[in-house]
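K.L.:
Input start_1.txt, format and content: compact mmCIF, C-alpha atoms and all ligand atoms.
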```
# COMPACT_ATOMS: atom_id res chain seq x y z
CA MET A 1 -31.72 -2.84 -21.05
CA LEU A 2 -31.30 -2.07 -17.38
CA LYS A 3 -28.93 0.65 -16.41
CA VAL A 4 -25.44 -0.20 -15.10
CA ALA A 5 -23.69 2.62 -13.27
CA ARG A 6 -20.83 4.27 -15.10
CA ARG A 7 -18.78 4.17 -11.91
CA ALA A 8 -18.83 0.34 -12.01
CA ALA A 9 -16.62 0.47 -15.10
CA ILE A 10 -13.39 1.05 -13.17
CA PRO A 11 -10.31 -0.62 -14.64
CA PRO A 12 -9.25 -4.05 -13.35
CA PHE A 13 -6.21 -4.66 -11.20
CA ILE A 14 -3.65 -5.99 -13.72
CA ALA A 15 -1.65 -7.62 -10.89
CA MET A 16 -4.64 -9.90 -10.24
CA GLN A 17 -4.78 -10.84 -13.92
CA VAL A 18 -1.08 -11.72 -13.79
CA LEU A 19 -1.86 -13.80 -10.70
CA ARG A 20 -4.59 -15.67 -12.59
CA ALA A 21 -2.20 -16.48 -15.46
CA ALA A 22 0.49 -17.54 -12.97
CA ASN A 23 -1.96 -19.81 -11.13
CA ALA A 24 -3.07 -21.42 -14.41
CA ARG A 25 0.57 -22.17 -15.15
CA ALA A 26 1.09 -23.63 -11.66
CA GLN A 27 -2.01 -25.82 -12.08
CA ALA A 28 -0.51 -27.17 -15.29
CA GLY A 29 2.39 -28.37 -13.11
CA GLU A 30 4.92 -25.73 -14.17
CA ALA A 31 7.15 -23.74 -11.81
CA VAL A 32 5.98 -20.22 -10.93
CA PHE A 33 7.83 -17.52 -9.00
CA HIS A 34 5.40 -15.00 -7.57
CA LEU A 35 7.10 -11.62 -7.71
CA GLU A 36 3.84 -9.94 -8.70
CA LEU A 37 2.04 -10.04 -5.37
CA GLY A 38 2.15 -7.15 -2.94
CA GLN A 39 1.80 -9.19 0.21
CA PRO A 40 4.03 -10.90 2.75
CA ASP A 41 4.29 -14.66 2.18
CA THR A 42 4.40 -15.20 5.94
CA SER A 43 1.34 -15.89 8.09
CA ALA A 44 0.36 -13.70 11.02
CA PRO A 45 2.75 -14.01 13.99
CA ALA A 46 2.29 -17.15 16.12
CA ALA A 47 0.95 -15.16 19.10
CA VAL A 48 -1.76 -13.61 16.90
CA ILE A 49 -2.90 -17.04 15.74
CA GLU A 50 -2.98 -18.25 19.36
CA ALA A 51 -5.00 -15.18 20.38
CA ALA A 52 -7.46 -15.89 17.55
CA LYS A 53 -7.88 -19.50 18.72
CA ARG A 54 -8.55 -18.33 22.27
CA ALA A 55 -11.07 -15.75 21.02
CA LEU A 56 -12.90 -18.40 18.98
CA ASP A 57 -13.28 -20.52 22.12
CA SER A 58 -14.25 -17.77 24.51
CA ASN A 59 -15.94 -14.94 22.59
CA ARG A 60 -19.27 -15.04 20.83
CA LEU A 61 -17.88 -12.69 18.15
CA GLY A 62 -20.77 -10.26 17.88
CA TYR A 63 -20.48 -6.80 16.39
CA THR A 64 -18.10 -4.32 18.00
CA GLU A 65 -18.33 -0.54 18.25
CA ALA A 66 -18.10 1.01 14.76
CA LEU A 67 -14.70 2.55 15.52
CA GLY A 68 -13.40 -0.74 16.95
CA ILE A 69 -12.75 -2.32 20.35
CA PRO A 70 -11.31 0.11 22.92
CA PRO A 71 -8.31 -2.09 23.91
CA LEU A 72 -7.09 -2.21 20.28
CA ARG A 73 -7.57 1.53 19.86
CA GLN A 74 -5.52 1.98 23.05
CA ALA A 75 -2.84 -0.43 21.78
CA ILE A 76 -2.55 1.56 18.53
CA ALA A 77 -2.28 4.82 20.49
CA ALA A 78 0.56 3.19 22.50
CA HIS A 79 2.17 2.18 19.17
CA TYR A 80 2.24 5.87 18.13
CA ARG A 81 3.89 6.73 21.46
CA SER A 82 6.59 4.06 21.19
CA THR A 83 7.23 4.32 17.44
CA TYR A 84 6.92 8.04 16.74
CA GLY A 85 6.90 9.65 20.20
CA LEU A 86 3.40 10.97 19.45
CA GLU A 87 0.51 11.29 21.89
CA ILE A 88 -2.68 10.36 20.03
CA VAL A 89 -5.81 9.93 22.15
CA PRO A 90 -7.40 6.51 21.52
CA ASP A 91 -10.66 8.26 20.63
CA ARG A 92 -8.96 9.52 17.43
CA ILE A 93 -8.16 5.95 16.31
CA ALA A 94 -10.72 4.17 14.12
CA ILE A 95 -10.30 0.47 13.30
CA THR A 96 -11.23 -0.27 9.69
CA THR A 97 -11.68 -3.20 7.32
CA GLY A 98 -8.14 -3.04 5.95
CA SER A 99 -6.75 0.30 4.95
CA SER A 100 -9.09 -0.10 1.94
CA GLY A 101 -12.08 0.44 4.25
CA GLY A 102 -10.27 3.47 5.68
CA PHE A 103 -9.88 5.07 2.25
CA MET A 104 -13.55 4.69 1.53
CA LEU A 105 -14.61 6.14 4.89
CA GLY A 106 -12.07 8.96 4.70
CA PHE A 107 -12.91 9.97 1.11
CA LEU A 108 -16.66 9.82 1.79
CA ALA A 109 -16.34 11.95 4.91
CA ALA A 110 -13.92 14.54 3.50
CA PHE A 111 -14.91 15.07 -0.13
CA GLU A 112 -17.99 15.93 -2.21
CA PRO A 113 -18.70 14.50 -5.69
CA GLY A 114 -16.55 16.32 -8.24
CA ASP A 115 -13.83 17.30 -5.74
CA ARG A 116 -10.30 17.13 -7.11
CA VAL A 117 -7.85 14.87 -5.29
CA ALA A 118 -4.23 14.72 -6.46
CA LEU A 119 -2.03 11.65 -6.35
CA ALA A 120 1.32 10.53 -7.70
CA ALA A 121 1.55 8.53 -10.93
CA PRO A 122 2.94 5.89 -10.65
CA GLY A 123 0.87 5.06 -7.59
CA TYR A 124 -1.31 2.41 -5.98
CA PRO A 125 -4.16 1.94 -8.49
CA ALA A 126 -6.98 1.53 -5.95
CA TYR A 127 -6.63 5.18 -4.80
CA ARG A 128 -7.78 6.46 -8.15
CA ASN A 129 -10.34 3.69 -8.63
CA ILE A 130 -11.94 4.30 -5.22
CA LEU A 131 -12.00 8.04 -6.01
CA LEU A 132 -13.67 7.32 -9.36
CA ALA A 133 -16.20 4.97 -7.78
CA LEU A 134 -17.16 7.80 -5.39
CA ASP A 135 -17.53 10.34 -8.23
CA LEU A 136 -14.41 12.25 -7.17
CA LYS A 137 -11.81 13.46 -9.68
CA PRO A 138 -8.34 11.95 -9.45
CA VAL A 139 -5.69 14.45 -10.58
CA ASP A 140 -2.54 12.62 -11.67
CA LEU A 141 0.80 14.10 -10.72
CA PRO A 142 3.36 12.51 -13.05
CA VAL A 143 6.43 11.93 -10.86
CA GLY A 144 9.86 10.55 -11.68
CA PRO A 145 13.43 10.24 -10.51
CA GLU A 146 13.87 14.06 -10.31
CA THR A 147 11.69 14.13 -7.16
CA ARG A 148 12.31 10.52 -6.11
CA PHE A 149 8.81 9.69 -7.38
CA HIS A 150 6.98 11.97 -4.92
CA PRO A 151 4.86 15.09 -5.43
CA THR A 152 6.24 18.49 -4.42
CA PRO A 153 4.58 21.81 -3.53
CA ALA A 154 5.88 23.18 -6.87
CA MET A 155 3.95 20.49 -8.76
CA LEU A 156 0.79 21.36 -6.86
CA ASP A 157 1.30 25.07 -7.54
CA ALA A 158 1.53 24.33 -11.26
CA LEU A 159 -1.92 22.68 -11.43
CA PRO A 160 -4.51 24.62 -13.42
CA ALA A 161 -7.30 24.35 -10.82
CA PRO A 162 -7.43 24.17 -7.01
CA LEU A 163 -7.47 20.85 -5.17
CA GLU A 164 -9.61 19.59 -2.32
CA GLY A 165 -7.33 16.68 -1.44
CA LEU A 166 -3.83 15.22 -1.80
CA ILE A 167 -2.89 11.58 -1.23
CA VAL A 168 0.71 10.76 -0.32
CA ALA A 169 2.28 7.40 0.47
CA SER A 170 5.71 6.92 1.99
CA PRO A 171 7.12 4.33 1.53
CA ALA A 172 5.17 4.20 -1.71
CA ASN A 173 3.75 1.41 -3.82
CA PRO A 174 5.03 0.65 -6.52
CA THR A 175 8.32 2.53 -6.09
CA GLY A 176 9.35 1.87 -2.48
CA SER A 177 10.65 5.44 -2.35
CA MET A 178 10.14 7.63 0.72
CA LEU A 179 9.44 11.25 1.49
CA THR A 180 11.97 12.61 3.98
CA PRO A 181 10.39 13.90 7.22
CA ASP A 182 11.11 17.44 5.96
CA GLU A 183 9.46 16.80 2.59
CA LEU A 184 6.36 15.39 4.28
CA ALA A 185 6.27 18.37 6.64
CA GLU A 186 6.52 20.76 3.66
CA LEU A 187 3.62 19.04 1.89
CA ALA A 188 1.55 19.07 5.10
CA ALA A 189 2.25 22.79 5.59
CA TYR A 190 1.36 23.48 1.94
CA CYS A 191 -1.94 21.62 2.31
CA ARG A 192 -2.79 23.47 5.52
CA ARG A 193 -2.04 26.84 3.88
CA LYS A 194 -4.15 26.06 0.82
CA GLY A 195 -7.07 24.34 2.57
CA ILE A 196 -6.28 20.95 0.99
CA ARG A 197 -7.10 17.79 2.97
CA LEU A 198 -3.97 15.63 3.24
CA VAL A 199 -4.46 11.85 3.15
CA SER A 200 -1.32 10.02 4.24
CA ASP A 201 -1.12 6.29 3.46
CA GLU A 202 1.37 4.88 5.98
CA ILE A 203 0.68 1.20 5.27
CA TYR A 204 4.37 0.40 4.58
CA HIS A 205 5.68 1.96 7.78
CA GLY A 206 7.85 -0.56 9.61
CA ILE A 207 9.29 -1.86 6.31
CA VAL A 208 12.03 0.71 5.90
CA TYR A 209 15.65 0.17 4.79
CA GLU A 210 16.93 3.72 4.52
CA GLY A 211 15.74 6.96 6.10
CA ILE A 212 12.95 7.60 8.56
CA ALA A 213 9.22 7.17 7.94
CA ALA A 214 7.56 10.16 9.64
CA SER A 215 3.84 10.07 10.35
CA ALA A 216 1.57 12.87 9.19
CA ALA A 217 -0.19 12.33 12.54
CA GLY A 218 2.62 14.37 14.10
CA LEU A 219 2.42 17.16 11.53
CA ASP A 220 -1.17 18.06 10.91
CA ASP A 221 -4.21 17.28 13.07
CA SER A 222 -6.48 17.77 10.06
CA ALA A 223 -4.75 15.06 7.97
CA ILE A 224 -6.40 11.68 7.48
CA VAL A 225 -3.76 9.10 8.40
CA ILE A 226 -4.33 5.58 7.10
CA ASN A 227 -2.53 2.42 8.18
CA SER A 228 -3.04 -1.32 8.15
CA PHE A 229 -2.14 -4.66 9.69
CA SER A 230 -1.62 -6.07 6.17
CA LYS A 231 2.06 -5.39 5.49
CA TYR A 232 4.56 -5.01 8.39
CA PHE A 233 2.18 -6.88 10.70
CA SER A 234 1.76 -9.69 8.14
CA MET A 235 -2.03 -10.01 8.61
CA THR A 236 -3.14 -9.35 5.02
CA GLY A 237 -6.21 -11.57 4.77
CA TRP A 238 -7.42 -10.66 8.25
CA ARG A 239 -8.70 -7.43 6.68
CA LEU A 240 -7.82 -5.02 9.44
CA GLY A 241 -6.50 -1.47 9.29
CA TRP A 242 -6.83 1.79 11.15
CA MET A 243 -7.07 5.54 10.71
CA VAL A 244 -6.02 8.48 12.82
CA LEU A 245 -9.03 10.75 12.55
CA PRO A 246 -9.09 14.51 12.32
CA GLU A 247 -11.47 15.92 14.91
CA ASP A 248 -13.77 17.50 12.31
CA LEU A 249 -14.35 14.12 10.59
CA HIS A 250 -14.60 11.95 13.71
CA ASP A 251 -18.37 11.82 14.07
CA SER A 252 -19.15 11.50 10.36
CA ILE A 253 -16.63 8.67 9.98
CA GLU A 254 -18.17 6.91 12.99
CA ARG A 255 -21.66 7.21 11.49
CA LEU A 256 -20.49 6.17 8.02
CA GLY A 257 -18.74 3.17 9.62
CA GLN A 258 -21.90 2.20 11.49
CA ASN A 259 -23.97 2.28 8.32
CA LEU A 260 -21.52 0.90 5.74
CA PHE A 261 -19.86 -1.84 7.79
CA ILE A 262 -21.62 -1.88 11.21
CA SER A 263 -18.21 -2.71 12.66
CA PRO A 264 -14.79 -3.90 11.58
CA PRO A 265 -14.41 -7.71 11.81
CA THR A 266 -14.34 -8.88 15.42
CA LEU A 267 -12.02 -11.91 15.38
CA PRO A 268 -9.11 -10.04 13.72
CA GLN A 269 -9.50 -7.20 16.22
CA LEU A 270 -9.19 -9.57 19.17
CA ALA A 271 -6.25 -11.36 17.55
CA ALA A 272 -4.46 -8.11 16.66
CA LEU A 273 -4.23 -7.22 20.35
CA ALA A 274 -1.29 -9.65 20.46
CA VAL A 275 0.59 -8.26 17.44
CA PHE A 276 2.33 -5.34 19.11
CA ASP A 277 4.33 -7.83 21.21
CA CYS A 278 5.60 -9.66 18.11
CA LYS A 279 8.24 -7.15 17.02
CA ALA A 280 11.11 -9.68 16.93
CA GLU A 281 9.21 -12.00 14.56
CA LEU A 282 8.05 -9.10 12.37
CA ASP A 283 11.48 -7.48 12.24
CA ALA A 284 12.91 -10.84 11.09
CA ASN A 285 10.52 -10.59 8.09
CA VAL A 286 11.87 -7.11 7.35
CA ALA A 287 15.46 -8.43 7.57
CA ARG A 288 14.53 -11.04 4.93
CA TYR A 289 12.97 -8.38 2.69
CA ARG A 290 16.21 -6.42 2.95
CA ARG A 291 18.26 -9.50 1.97
CA ASN A 292 15.89 -10.07 -0.99
CA ARG A 293 16.15 -6.45 -2.07
CA ASP A 294 19.97 -6.51 -1.91
CA LEU A 295 20.11 -9.80 -3.85
CA LEU A 296 17.86 -8.48 -6.63
CA LEU A 297 19.70 -5.15 -6.85
CA ARG A 298 22.93 -7.13 -7.27
CA GLU A 299 21.63 -9.75 -9.75
CA LEU A 300 18.96 -8.06 -11.89
CA PRO A 301 21.31 -5.66 -13.72
CA LYS A 302 22.85 -8.84 -15.23
CA ALA A 303 19.41 -9.41 -16.88
CA GLY A 304 19.23 -5.84 -18.22
CA PHE A 305 17.12 -4.35 -15.41
CA ARG A 306 19.26 -1.40 -14.45
CA GLN A 307 17.19 1.59 -13.48
CA PHE A 308 15.21 1.46 -10.26
CA ALA A 309 13.30 4.01 -8.23
CA PRO A 310 15.05 4.49 -4.84
CA PRO A 311 14.12 1.24 -3.01
CA GLU A 312 14.05 2.75 0.49
CA GLY A 313 11.07 0.88 1.94
CA ALA A 314 8.10 -1.45 1.25
CA PHE A 315 8.98 -4.62 -0.69
CA TYR A 316 9.07 -3.40 -4.28
CA LEU A 317 11.52 -2.49 -7.00
CA TYR A 318 10.07 -0.28 -9.73
CA ALA A 319 12.21 -0.75 -12.82
CA ASP A 320 12.43 1.45 -15.89
CA ILE A 321 12.65 -1.13 -18.69
CA GLY A 322 12.56 1.34 -21.59
CA ASN A 323 15.88 -0.24 -22.70
CA LEU A 324 14.11 -3.63 -23.09
CA THR A 325 10.58 -2.95 -24.31
CA ASN A 326 7.91 -0.39 -25.00
CA ASP A 327 5.10 -2.78 -24.05
CA SER A 328 5.44 -3.89 -20.43
CA GLU A 329 2.22 -5.94 -20.49
CA ALA A 330 3.36 -8.10 -23.42
CA PHE A 331 6.86 -8.26 -21.88
CA CYS A 332 5.46 -9.57 -18.56
CA ARG A 333 3.22 -12.10 -20.34
CA ARG A 334 6.17 -13.45 -22.32
CA MET A 335 8.38 -13.49 -19.23
CA LEU A 336 5.82 -15.59 -17.35
CA GLN A 337 5.42 -18.01 -20.27
CA GLU A 338 9.14 -18.43 -20.91
CA THR A 339 10.61 -18.27 -17.38
CA GLY A 340 7.79 -18.81 -14.87
CA VAL A 341 8.61 -15.47 -13.22
CA ALA A 342 5.49 -13.36 -12.59
CA LEU A 343 5.93 -9.56 -12.39
CA THR A 344 3.43 -6.69 -12.63
CA PRO A 345 3.55 -4.36 -15.64
CA GLY A 346 3.86 -0.66 -14.82
CA THR A 347 0.55 0.09 -16.57
CA ASP A 348 -1.17 -0.98 -13.33
CA PHE A 349 0.35 2.03 -11.60
CA ASP A 350 0.77 4.60 -14.36
CA SER A 351 -1.51 4.31 -17.38
CA ALA A 352 0.40 7.02 -19.31
CA ARG A 353 4.00 5.86 -18.82
CA GLY A 354 3.80 2.38 -17.31
CA HIS A 355 4.31 0.68 -20.68
CA ARG A 356 8.04 1.08 -20.05
CA SER A 357 8.24 -0.05 -16.44
CA LEU A 358 7.42 -2.96 -14.18
CA ARG A 359 7.12 -3.73 -10.49
CA ILE A 360 9.01 -6.51 -8.80
CA SER A 361 7.74 -7.59 -5.38
CA PHE A 362 10.38 -9.17 -3.14
CA ALA A 363 8.08 -10.16 -0.27
CA GLY A 364 8.63 -13.89 -0.97
CA SER A 365 11.40 -16.27 0.11
CA THR A 366 15.07 -15.52 -0.58
CA GLU A 367 15.34 -18.87 -2.41
CA ASP A 368 12.55 -17.81 -4.79
CA MET A 369 14.23 -14.44 -5.41
CA ALA A 370 17.54 -16.15 -6.20
CA GLU A 371 15.93 -18.64 -8.60
CA ALA A 372 13.82 -15.92 -10.27
CA ALA A 373 16.96 -13.82 -10.81
CA ARG A 374 18.84 -16.85 -12.25
CA ARG A 375 15.98 -17.53 -14.67
CA LEU A 376 15.77 -13.89 -15.80
CA ILE A 377 19.53 -13.72 -16.36
CA ARG A 378 19.37 -16.93 -18.45
CA TRP A 379 16.35 -15.56 -20.35
CA ARG A 380 18.07 -12.33 -21.27
CA ALA A 381 21.47 -13.95 -22.07
C1 LIG B 401 -0.11 1.55 -0.89
C2 LIG B 401 -1.21 0.63 -0.47
N1 LIG B 401 -2.23 1.14 0.24
C3 LIG B 401 -3.26 0.36 0.61
C4 LIG B 401 -3.31 -1.00 0.30
C5 LIG B 401 -4.51 -1.81 0.74
O1 LIG B 401 -4.21 -2.69 1.78
P1 LIG B 401 -5.23 -3.27 2.85
O2 LIG B 401 -6.61 -2.96 2.46
O3 LIG B 401 -4.93 -4.73 2.88
O4 LIG B 401 -4.85 -2.60 4.16
C6 LIG B 401 -2.25 -1.57 -0.42
C7 LIG B 401 -2.28 -3.00 -0.80
O5 LIG B 401 -1.46 -3.50 -1.51
C8 LIG B 401 -1.17 -0.73 -0.81
O6 LIG B 401 -0.12 -1.19 -1.51
```
Show me the file's structure as structure tokens.
Ligand SMILES: Cc1ncc(COP(=O)(O)O)c(C=O)c1O

P.N.:
Amino acid sequence: MLKVARRAAIPPFIAMQVLRAANARAQAGEAVFHLELGQPDTSAPAAVIEAAKRALDSNRLGYTEALGIPPLRQAIAAHYRSTYGLEIVPDRIAITTGSSGGFMLGFLAAFEPGDRVALAAPGYPAYRNILLALDLKPVDLPVGPETRFHPTPAMLDALPAPLEGLIVASPANPTGSMLTPDELAELAAYCRRKGIRLVSDEIYHGIVYEGIAASAAGLDDSAIVINSFSKYFSMTGWRLGWMVLPEDLHDSIERLGQNLFISPPTLPQLAALAVFDCKAELDANVARYRRNRDLLLRELPKAGFRQFAPPEGAFYLYADIGNLTNDSEAFCRRMLQETGVALTPGTDFDSARGHRSLRISFAGSTEDMAEAARRLIRWRA
């Protein structure tokens, strides 16, 4: 028998399994309401698509520099100036293959095998799976309503062994809850004091309903800041993201990028140059997400879904369904079969406690949200 690496045995993404079951149902001609998918149902803005068509006609689409094309790095630096009032030199911006590529580059550059990296549970499952695949040790921080589902310095102090890294996300997936600018600053200061590398996932910035999303780029020059064109910018399948690099990791991330990816994809980079002028179109998407969120918060309690994490940003509601079931995976399977509404069980985000929670994504159309809510209310009547 040939050897298969232990690290290849990372758990599957349950949301994708739900998607497969939902697609099978749709193929059988039955109605399906996709509230399981964490992606906008809109295409890229019209100007981005036009820019891509022009690039296809005029550019031979060879490799780019490993850290990305200079005009896009400059456009992202300008975005930090206009959005956060921060001056970031374009040389500190690295374009990546989605934020997913950024995590891999950042973790490889900052951590050694066996290093301990803490992260909130519930949290985005790929963080821990990428850490595991790189032989790093994820350290779960069980979070709940007491701290609005975010880690605190007190939680880090209570850990039995020191950390090398901490991942935070605000707004977070699956909860949608946000760290206040003060809370993020406190965590950044804690990390600096203790020699812990802060990794800040800012992929849901721009999709904010309450409060202010501060960037760790303004708090700590040694933090790895990760962002993406996949969510607010509605360019999910274009596979483009970016990082703000700490100076001490700049050269190693450039060399890792050269060797692992050669360069980020060229066509999306050229197209993304147009996206920073599309604010009106993108903000209209956010206005729809807000309407969807408000509709679900009004209607879902009628179906028994009553307890949600603070839905301050992103496009998710994370519901405690301990009053309805103790097996969220079976509950979601039955819900899909009996109503056509697809949701993601909490076990995707929190293996210890997710059996009593689920995630509802409201990135789809308002009509779909309304019909899904009607079906769930009928189902639970
Ligand atoms: C919190 C979070 N970070 C990162 C990602 C990865 O996104 P991408 O690689 O498309 O930038 C996702 C995708 O759902 C996410 O929810």

K.L.:
Please, which residues in chain A fall within 8 Å of ligand LIG 401 (chain B) when counting all atoms listed in the file, and what is the closest atom pair and distance in Å to one decimal for each, ordered by chain then residue number, as CSV?

P.N.:
```
residue,atom,partner,partner_atom,distance
A:Gly38,CA,B:LIG401,O5,5.3
A:Gln39,CA,B:LIG401,O5,6.8
A:Thr97,CA,B:LIG401,O2,7.0
A:Gly98,CA,B:LIG401,O4,3.8
A:Ser99,CA,B:LIG401,O4,3.6
A:Ser100,CA,B:LIG401,O2,3.8
A:Gly101,CA,B:LIG401,O2,6.7
A:Gly123,CA,B:LIG401,C1,7.6
A:Tyr124,CA,B:LIG401,C1,5.3
A:Ala126,CA,B:LIG401,C3,7.6
A:Tyr127,CA,B:LIG401,N1,7.8
A:Ala169,CA,B:LIG401,C1,6.5
A:Ala172,CA,B:LIG401,C1,6.0
A:Asn173,CA,B:LIG401,C1,4.8
A:Pro174,CA,B:LIG401,O6,7.4
A:Asp201,CA,B:LIG401,N1,6.2
A:Glu202,CA,B:LIG401,N1,7.7
A:Ile203,CA,B:LIG401,N1,5.8
A:Tyr204,CA,B:LIG401,C1,7.2
A:Asn227,CA,B:LIG401,O4,6.8
A:Ser228,CA,B:LIG401,O4,4.6
A:Phe229,CA,B:LIG401,O4,6.5
A:Ser230,CA,B:LIG401,O3,4.9
A:Lys231,CA,B:LIG401,O3,7.5
A:Thr236,CA,B:LIG401,O3,5.4
A:Gly237,CA,B:LIG401,O3,7.2
A:Arg239,CA,B:LIG401,O3,6.0
A:Leu240,CA,B:LIG401,O4,6.5
A:Gly241,CA,B:LIG401,O4,5.5
```

K.L.:
Could you tell me which of A:Gly340, A:Pro162, A:Gly106, A:Gly346 comes closest to Ala24 of chain A if we count all atoms listed in the file?

P.N.:
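Of all the options, A:Gly340 lies closest to Ala24 of chain A.
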
K.L.:
Please provide the set of residues having any atom within 10 Å of Ser351 of chain A, restricted to only C-alpha atoms, with same-chain residues fewer than 3 positions apart removed, written as a PyMOL selection string.

P.N.:
chain A and resi 121-122+125+346-348+354-355

K.L.:
Excluding Leu108 of chain A and its own-chain neighbours fewer than 2 positions away, which residues fall within 12 Å of it when counting all atoms listed in the file? Please give them as a PyMOL selection string.

P.N.:
chain A and resi 101-106+110-115+130-136+224+249+252-257+260

K.L.:
How many Å separate atom CA of Ala188 of chain A from atom CA of Ser170 of chain A?

P.N.:
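Rounded to one decimal, the two atoms are 13.2 Å apart.
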
K.L.:
Measuring atom to atom with only C-alpha atoms, identify which of A:Gly144, A:Pro71, A:Gly165, A:Pro311 is nearest to Val117 of chain A.

P.N.:
A:Gly165

K.L.:
How far is it from atom CA of Pro160 of chain A to atom CA of Leu141 of chain A, in Å with one decimal?

P.N.:
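Rounded to one decimal, the two atoms are 12.1 Å apart.
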
K.L.:
So that I can check the surroundings of Ile167 of chain A, please list as a list of chain:residue names every protein, DNA and RNA residue that reaches within 9 Å of it, counting all atoms listed in the file and ignoring chain neighbours fewer than 5 positions away.

P.N.:
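The contact residues come out as A:Val117, A:Ala118, A:Leu119, A:Ala120, A:Tyr127, A:Arg197, A:Leu198, A:Val199, A:Ser200, A:Asp201.
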
K.L.:
Take atom CA of Ala314 of chain A and atom CA of Pro40 of chain A and report the distance between them in Å, one decimal.

P.N.:
10.4 Å

K.L.:
Determine, counting all atoms listed in the file, which protein, DNA and RNA residues have an atom within 10 Å of an atom of segment 9-19 of chain A; residues of the same chain fewer than 2 positions away are not included. Present the result as a PyMOL selection string.

P.N.:
chain A and resi 4-7+21-25+34-38+125-126+128-130+132-133+329+332-333+336+342-349+359

K.L.:
I'd like the contact shell of Phe315 of chain A - 8 Å cut-off, all atoms listed in the file, skipping same-chain residues fewer than 6 positions apart - returned as a list in words.

P.N.:
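Near neighbours after the sequence-gap exclusion: Gly38, Gly176, Ile207, Tyr289, Arg293, Ser361, Phe362 and Ala363 of chain A.
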
K.L.:
Here's a test: counting all atoms listed in the file, identify every protein, DNA and RNA residue with an atom at most 9 Å from (12.8, -3.4, -18.7) in the file's coordinate frame, and state them as a ChimeraX atom specification.

P.N.:
/A:304-307,319-326,328,331,356-358

K.L.:
Taking C-alpha atoms for each residue, export the selection above as an mmCIF file, in the frame of the given file.

P.N.:
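Below is the file out.cif, written as the result:
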```cif
data_model
loop_
_atom_site.group_PDB
_atom_site.id
_atom_site.type_symbol
_atom_site.label_atom_id
_atom_site.label_comp_id
_atom_site.auth_asym_id
_atom_site.auth_seq_id
_atom_site.Cartn_x
_atom_site.Cartn_y
_atom_site.Cartn_z
ATOM 1 C CA GLY A 304 19.230 -5.840 -18.220
ATOM 2 C CA PHE A 305 17.120 -4.350 -15.410
ATOM 3 C CA ARG A 306 19.260 -1.400 -14.450
ATOM 4 C CA GLN A 307 17.190 1.590 -13.480
ATOM 5 C CA ALA A 319 12.210 -0.750 -12.820
ATOM 6 C CA ASP A 320 12.430 1.450 -15.890
ATOM 7 C CA ILE A 321 12.650 -1.130 -18.690
ATOM 8 C CA GLY A 322 12.560 1.340 -21.590
ATOM 9 C CA ASN A 323 15.880 -0.240 -22.700
ATOM 10 C CA LEU A 324 14.110 -3.630 -23.090
ATOM 11 C CA THR A 325 10.580 -2.950 -24.310
ATOM 12 C CA ASN A 326 7.910 -0.390 -25.000
ATOM 13 C CA SER A 328 5.440 -3.890 -20.430
ATOM 14 C CA PHE A 331 6.860 -8.260 -21.880
ATOM 15 C CA ARG A 356 8.040 1.080 -20.050
ATOM 16 C CA SER A 357 8.240 -0.050 -16.440
ATOM 17 C CA LEU A 358 7.420 -2.960 -14.180
#
```

K.L.:
Residues of segment 224-261 of chain A within 8 Å of segment 271-285 of chain A: nearest atom pair and distance (Å, one decimal) for each, counting all atoms listed in the file, sorted by chain and number, as CSV?

P.N.:
```
residue,atom,partner,partner_atom,distance
A:Tyr232,CA,A:Leu282,CA,6.7
A:Phe233,CA,A:Leu282,CA,6.5
A:Ser234,CA,A:Leu282,CA,7.6
```

K.L.:
Select, from A:Arg374, A:Arg193, A:Arg20, A:Lys53, the residue with the minimum atom-to-atom distance to Leu296 of chain A, counting all atoms listed in the file.

P.N.:
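Using all atoms listed in the file, Leu296 of chain A sits closest to A:Arg374.
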
K.L.:
Out of A:Ala372, A:Gly218, A:Thr339, A:Gly68, which residue has the shortest atom-to-atom distance to Tyr84 of chain A when counting all atoms listed in the file?

P.N.:
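Of the candidates, the smallest distance to Tyr84 of chain A is held by A:Gly218.
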
K.L.:
For His250 of chain A, which of A:Ala223, A:Ala161, A:Ala330, A:Leu61 is the closest residue, counting all atoms listed in the file?

P.N.:
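Under the stated criterion, the closest residue is A:Ala223.
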